[in-house]
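**Student:** Just dropping this structure here.
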Amino acid sequence: MPKNKGKGGKNRRRGKNEAEGEKRELIFKEEGQEYAQVVKMLGSGRLEAVGFDGTKRLAQIRGKMRKKVWINQGDIILLSLRDFQDDRADVILKYTADEARSLKQYGELPENAKINETDTFGVEDEEVDFDFEIDEVSNTNF
C-alpha cells in the first residue's frame with residue numbers, strides 16, 4: 001500500500017481562515033448599489049434587508065460568498081440593485097463592525113444606524129416579571 005504523502009483532506013482545508021486578521025480597503029457604494037441592514041435570514045441564500053434609502057428588499061447572497069462569508073441578522077451589507085426589479089437585490093459585500101463604524105464616520109451611513117445590535121428591527125426588550133409561587137406537591141401515590 002502507498003504511504004499517504006498529503007497533509008490532510010477536506011476537513012483540514014475547511015479549518016483554515018487565513019484572511020481573518022487582514023485589514024482590507026474600505027469599499028464605498030457606487031451607482032446602482034446601496035447600503036442595507038439585514039432584517040431576517042430566509043434560508044437558501046436569501047435574506048430580507050432594509051436599505052438606508054428606506055426600501056425593504058429581498059436579497060440573494062452571491063455564490064462567491066456562500067459558505068465563506070456568514071451573514072447574520074443586523075449586519076451591514078452592500079447591495080447591488082437590479083435594473084428590472086426594484087424589490088430585489090444581490091448581496092455583494094458584508095461589512096465588519098469596524099468597517100461599518102468607519103462608514104458611519106465618513107457620513108455614508110445615517111447617524112441612527114445601529115451597527116452592533118442584532119435585534120434592530122424587533123420589539124424593544126421588555127422586562128418580564130417572573131414572580132410566581134410553586135405549590136408543594138403532596139407525596140401521594142397514584
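Each chain of the C-alpha cells is named A, B, ... in the order shown, its residues numbered from 1; ligands are numbered from 1 in display order.
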Residues of range 15-105 of chain A classed as strand (DSSP E or B) by DSSP on the backbone are to be reported as a ChimeraX atom specification.

**Tutor:** /A:33-43,46-51,56-61,76-81,88-94

**Student:** Find the residues around Lys56 in chain A up to 10 Å (only C-alpha atoms counted), leave out those fewer than 3 positions away in its own chain, and share them as an MDAnalysis selection string.

**Tutor:** chainID A and resid 36:39 48:53 59 86:88

**Student:** Between CA of Glu31 in chain A and CA of Lys68 in chain A, what is the distance, to one decimal in Å?

**Tutor:**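 A separation of 26.2 Å between them.
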
**Student:** Just the number, please: distance in Å from CA of Gly43 in chain A to CA of Leu93 in chain A, one decimal.

**Tutor:**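 Computed distance, CA of Gly43 in chain A to CA of Leu93 in chain A, equals 17.8 Å.
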
**Student:** With a distance cut-off of 6 Å and only C-alpha atoms, select the neighbouring residues of Leu79 in chain A, excluding the residue or stretch itself and same-chain residues fewer than 6 positions from it, and output the selection as a PyMOL selection string.

**Tutor:** chain A and resi 33-34+90-92

**Student:** Quick one: write out the picked residues with N, CA and C atoms as a PDB file, in the first residue's frame?

**Tutor:**
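Saved to out34.pdb:
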```
ATOM      1  N   GLN A  33     -25.746  50.738  -6.441  1.00  0.00           N
ATOM      2  CA  GLN A  33     -25.507  49.988  -5.212  1.00  0.00           C
ATOM      3  C   GLN A  33     -26.112  50.743  -4.036  1.00  0.00           C
ATOM      4  N   GLU A  34     -26.369  50.026  -2.958  1.00  0.00           N
ATOM      5  CA  GLU A  34     -26.982  50.640  -1.780  1.00  0.00           C
ATOM      6  C   GLU A  34     -26.530  49.911  -0.526  1.00  0.00           C
ATOM      7  N   ASP A  90     -28.915  41.927  -4.916  1.00  0.00           N
ATOM      8  CA  ASP A  90     -27.897  40.913  -4.696  1.00  0.00           C
ATOM      9  C   ASP A  90     -26.885  41.426  -3.678  1.00  0.00           C
ATOM     10  N   VAL A  91     -26.479  40.562  -2.747  1.00  0.00           N
ATOM     11  CA  VAL A  91     -25.508  40.938  -1.726  1.00  0.00           C
ATOM     12  C   VAL A  91     -24.114  40.835  -2.332  1.00  0.00           C
ATOM     13  N   ILE A  92     -23.387  41.950  -2.343  1.00  0.00           N
ATOM     14  CA  ILE A  92     -22.037  41.987  -2.885  1.00  0.00           C
ATOM     15  C   ILE A  92     -21.004  41.814  -1.793  1.00  0.00           C
TER      16      ILE A  92
END
```

**Student:** In Å, how far is it from CA of Gln60 in chain A to CA of Gln105 in chain A?

**Tutor:**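 For CA of Gln60 in chain A relative to CA of Gln105 in chain A, the distance reads 27.9 Å.
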